[in-house]
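Have a look at the structure below before the remarks.
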Amino acid sequence: MLELRAITAGYDRRAPVVRAASLSVVPGEAVGLLGPSGCGKSTLARVAALLHRPDAGTVLLDGESVRRWRHRAPRALRTAVGVVFQQPRLSADPRLRLTDLIAEPLRATGRRDDIPRRIPELASSVGLTPDLLTRRPHEVSDGQLQRACLARALVLRPRWLVCDEMTAMLDASTTAALVAAVEHYRAATGAGLLAVGHDQVLLDRWCDRTVHWEELTAATEPVGPSPV
Ligand SMILES: Nc1ncnc2c1ncn2[C@@H]1O[C@H](COP(=O)(O)OP(=O)(O)OP(=O)(O)O)[C@@H](O)[C@H]1O
């Protein structure tokens, strides 16, 4: 289970943007998170993806309490969560060809041998043709780059996927293709999903349940101790 317990987080300890928010995703479940702009959804999504250290509260990944964040998080925990952000150009190294972008996590974890098999397989599942794989980010559209970012998020076969407004910048057909790719992956692996978004119709259709931001802080336990 991916559990966020009474998470308080932000950018200034005196004025946190997320206050005592709790949310759980069970294996295989897809949970949508809706909320107004600026309420703190992305901040919480980054906590769930182990990219942002909360000021208080606990994150549990399959029962294991997370104590270190970002590059300091143990590899086994880091690689258990795949993340896709809203703006692919901010999360893609502009120097890398798409094939190398997708392969980045394999190289970083010493799994180069998997590259020849995994890259074509993933490219096909997210709808990237071989000619696009040799291009760099400035030579492809936002939708094509986002497909590569999704492939990169899936390349290590994470048990949890965090999609933070993954389709907010995309047209309807690319949105449908990316959602289908995520669902195909989840059906094959049983991965759980936290999908953050603004589009209630999309989240209701995509997810098993959709929670609203206000519900996360209602009736939660008191704020827990600060993580080490
Ligand atoms: N790096 C940062 N430094 C300081 N403040 C930040 C930073 N990132 C976000 N914030 C602030 O934290 C608050 C919550 O931002 P966040 O991006 O989590 O909201 P959101 O609900 O995801 O918004 P949106 O739906 O518009 O993407 C906002 O007031 C934002 O200005």
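Quick note on naming: the chains in the structure tokens go A, B, ... in the order shown, residues restart at 1 in each chain, and ligands are numbered from 1 in order of appearance.
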Give one line per residue of chain A that approaches ligand 1 to at most 9 Å, naming the two atoms of the closest pair and their distance in Å to one decimal, counting only C-alpha atoms and all ligand atoms; sort by chain then ascending residue number and deliver it as a Markdown table.
```
| residue | atom | partner | partner_atom_place_in_ligand_line | distance |
| --- | --- | --- | --- | --- |
| A:Gly10 | CA | ligand 1 | 12 (O) | 6.4 |
| A:Tyr11 | CA | ligand 1 | 4 (C) | 5.0 |
| A:Asp12 | CA | ligand 1 | 4 (C) | 7.5 |
| A:Pro16 | CA | ligand 1 | 12 (O) | 8.1 |
| A:Val17 | CA | ligand 1 | 13 (C) | 5.4 |
| A:Val18 | CA | ligand 1 | 14 (C) | 7.7 |
| A:Leu34 | CA | ligand 1 | 21 (O) | 8.5 |
| A:Gly35 | CA | ligand 1 | 21 (O) | 6.3 |
| A:Pro36 | CA | ligand 1 | 25 (O) | 5.9 |
| A:Ser37 | CA | ligand 1 | 25 (O) | 3.6 |
| A:Gly38 | CA | ligand 1 | 23 (O) | 3.4 |
| A:Cys39 | CA | ligand 1 | 21 (O) | 3.9 |
| A:Gly40 | CA | ligand 1 | 18 (O) | 3.2 |
| A:Lys41 | CA | ligand 1 | 21 (O) | 3.8 |
| A:Ser42 | CA | ligand 1 | 22 (O) | 3.6 |
| A:Thr43 | CA | ligand 1 | 18 (O) | 3.7 |
| A:Leu44 | CA | ligand 1 | 18 (O) | 6.5 |
| A:Ala45 | CA | ligand 1 | 18 (O) | 7.9 |
| A:Arg46 | CA | ligand 1 | 18 (O) | 8.4 |
| A:Gln86 | CA | ligand 1 | 27 (O) | 8.3 |
| A:Asp164 | CA | ligand 1 | 22 (O) | 7.9 |
| A:Glu165 | CA | ligand 1 | 27 (O) | 7.5 |
| A:Val196 | CA | ligand 1 | 22 (O) | 8.0 |
| A:Gly197 | CA | ligand 1 | 25 (O) | 7.1 |
| A:His198 | CA | ligand 1 | 25 (O) | 6.8 |
| A:Trp213 | CA | ligand 1 | 21 (O) | 8.7 |
```
Would you save the residues from that selection as an mmCIF file, in the first residue's frame, using C-alpha atoms?
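Saved the output as result_0.cif:
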```
data_model
loop_
_atom_site.group_PDB
_atom_site.id
_atom_site.type_symbol
_atom_site.label_atom_id
_atom_site.label_comp_id
_atom_site.auth_asym_id
_atom_site.auth_seq_id
_atom_site.Cartn_x
_atom_site.Cartn_y
_atom_site.Cartn_z
ATOM 1 C CA GLY A 10 5.578 22.999 1.730
ATOM 2 C CA TYR A 11 8.366 25.419 1.092
ATOM 3 C CA ASP A 12 8.369 27.332 4.350
ATOM 4 C CA PRO A 16 2.988 24.775 4.888
ATOM 5 C CA VAL A 17 0.852 24.371 1.769
ATOM 6 C CA VAL A 18 -0.214 20.828 2.681
ATOM 7 C CA LEU A 34 -8.917 16.700 -7.544
ATOM 8 C CA GLY A 35 -8.488 20.166 -6.122
ATOM 9 C CA PRO A 36 -8.344 23.834 -7.023
ATOM 10 C CA SER A 37 -5.249 25.343 -8.557
ATOM 11 C CA GLY A 38 -2.527 26.096 -6.041
ATOM 12 C CA CYS A 39 -4.013 24.044 -3.186
ATOM 13 C CA GLY A 40 -0.951 21.787 -2.907
ATOM 14 C CA LYS A 41 -1.740 18.739 -5.058
ATOM 15 C CA SER A 42 1.623 18.747 -6.834
ATOM 16 C CA THR A 43 3.442 19.213 -3.560
ATOM 17 C CA LEU A 44 1.669 16.175 -2.123
ATOM 18 C CA ALA A 45 2.292 14.218 -5.329
ATOM 19 C CA ARG A 46 5.998 14.982 -5.015
ATOM 20 C CA GLN A 86 2.546 18.006 -16.290
ATOM 21 C CA ASP A 164 0.665 14.766 -11.772
ATOM 22 C CA GLU A 165 -1.583 16.423 -14.372
ATOM 23 C CA VAL A 196 -3.650 14.264 -9.854
ATOM 24 C CA GLY A 197 -5.763 16.481 -12.046
ATOM 25 C CA HIS A 198 -8.348 19.184 -12.621
ATOM 26 C CA TRP A 213 -8.528 17.891 -1.735
#
```
- Can you pull out every residue within 8 Å of stretch 206-208 of chain A, counting only C-alpha atoms, but drop anything in the same chain fewer than 3 positions away, and send it as an NGL selection string? :A and (29-32 or 179 or 195 or 202-203)
- Closest of A:Leu98, A:Ala56, A:Ile119, A:Leu50 to A:Leu77 - atom-to-atom distances counting only C-alpha atoms: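 Ranked by minimum distance to A:Leu77, first place goes to A:Leu50.
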- Query: Which residue gives the smallest distance to A:Thr109 among A:Pro130, A:Gly57, A:Pro94, A:Pro74, with only C-alpha atoms counted?
  - Reply: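 Checking each candidate against A:Thr109, we get A:Pro74 as the closest.
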- Message: What parts of stretch 145-206 of chain A does DSSP call alpha helix (DSSP H)? I'd like the answer as a PyMOL selection string.
- Response: chain A and resi 145-154+172-189+200-206
Kindly export the residues of the current selection with C-alpha atoms, as a short mmCIF file (atom, residue, chain, number, x, y, z; two decimals), in the first residue's frame.
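Saved to result31.cif:
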```cif
data_model
loop_
_atom_site.label_atom_id
_atom_site.label_comp_id
_atom_site.auth_asym_id
_atom_site.auth_seq_id
_atom_site.Cartn_x
_atom_site.Cartn_y
_atom_site.Cartn_z
CA LEU A 145 7.70 14.08 -25.38
CA GLN A 146 5.13 13.25 -22.72
CA ARG A 147 4.82 9.75 -24.21
CA ALA A 148 8.58 9.38 -23.73
CA CYS A 149 8.32 10.68 -20.15
CA LEU A 150 5.62 8.10 -19.42
CA ALA A 151 7.80 5.36 -20.92
CA ARG A 152 10.68 6.54 -18.71
CA ALA A 153 8.40 6.37 -15.65
CA LEU A 154 7.48 2.78 -16.49
CA ALA A 172 -8.02 14.43 -26.42
CA SER A 173 -6.46 11.72 -28.55
CA THR A 174 -3.04 11.92 -26.87
CA THR A 175 -4.76 11.99 -23.48
CA ALA A 176 -6.68 8.83 -24.39
CA ALA A 177 -3.50 7.13 -25.64
CA LEU A 178 -1.53 7.93 -22.49
CA VAL A 179 -4.34 6.87 -20.17
CA ALA A 180 -4.65 3.63 -22.17
CA ALA A 181 -0.90 3.03 -21.87
CA VAL A 182 -1.05 3.52 -18.09
CA GLU A 183 -4.04 1.21 -17.81
CA HIS A 184 -2.37 -1.41 -19.97
CA TYR A 185 0.68 -1.28 -17.70
CA ARG A 186 -1.48 -1.50 -14.57
CA ALA A 187 -3.45 -4.43 -15.91
CA ALA A 188 -0.20 -6.26 -16.66
CA THR A 189 1.57 -5.47 -13.39
CA GLN A 200 -13.20 15.47 -12.89
CA VAL A 201 -14.77 13.77 -15.91
CA LEU A 202 -11.41 12.27 -16.91
CA LEU A 203 -10.50 11.20 -13.37
CA ASP A 204 -13.94 9.69 -12.72
CA ARG A 205 -13.67 7.71 -15.92
CA TRP A 206 -10.05 6.69 -15.37
#
```
- Message: Quick check, in Å to one decimal: how far apart do atom CA of A:Arg209 and atom CA of A:Arg53 lie?
- Response: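 One can read the atom CA of A:Arg209 to atom CA of A:Arg53 distance as 26.3 Å.
Counting from atom CA of A:His52, the distance to atom CA of A:Arg118 is 28.7 Å.
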- Query: With distances taken over only C-alpha atoms, which of A:Ala48, A:Leu161, A:Asp55, A:Val83 is nearest to A:Ala15?
  - Reply: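 For A:Ala15, the nearest of the given residues is A:Asp55.
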- Message: Which residue is closest to A:Arg5? Choose from A:Thr217, A:Ser22, A:Thr210, A:Gln144 and count only C-alpha atoms.
- Response: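 For A:Arg5, the nearest of the candidates is A:Ser22.
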- Query: Which one of A:Val162, A:Asp131, A:Leu106, A:Ser65 sits closest to A:Ala49 if you count only C-alpha atoms?
  - Reply: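 Nearest candidate to A:Ala49 out of A:Val162, A:Asp131, A:Leu106, A:Ser65: A:Val162.
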- How many Å lie between atom CA of A:Arg159 and atom CA of A:Gly82, rounded to one decimal?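 According to the coordinates, atom CA of A:Arg159 and atom CA of A:Gly82 are separated by 7.9 Å.
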- Message: Measuring between only C-alpha atoms, which one of A:Leu4, A:Leu96, A:Ala80, A:Leu193 shows the shortest distance to A:Pro54?
- Response: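 Closest to A:Pro54, using only C-alpha atoms: A:Leu4.
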- Task: Taking the DSSP assignment computed from this structure's backbone, write out as number ranges by chain all residues of stretch 4-194 of chain A that belong to strand (DSSP E).
- Result: A: 4-9, 18-25, 30-34, 56-61, 64-65, 81-84, 160-164, 192-194
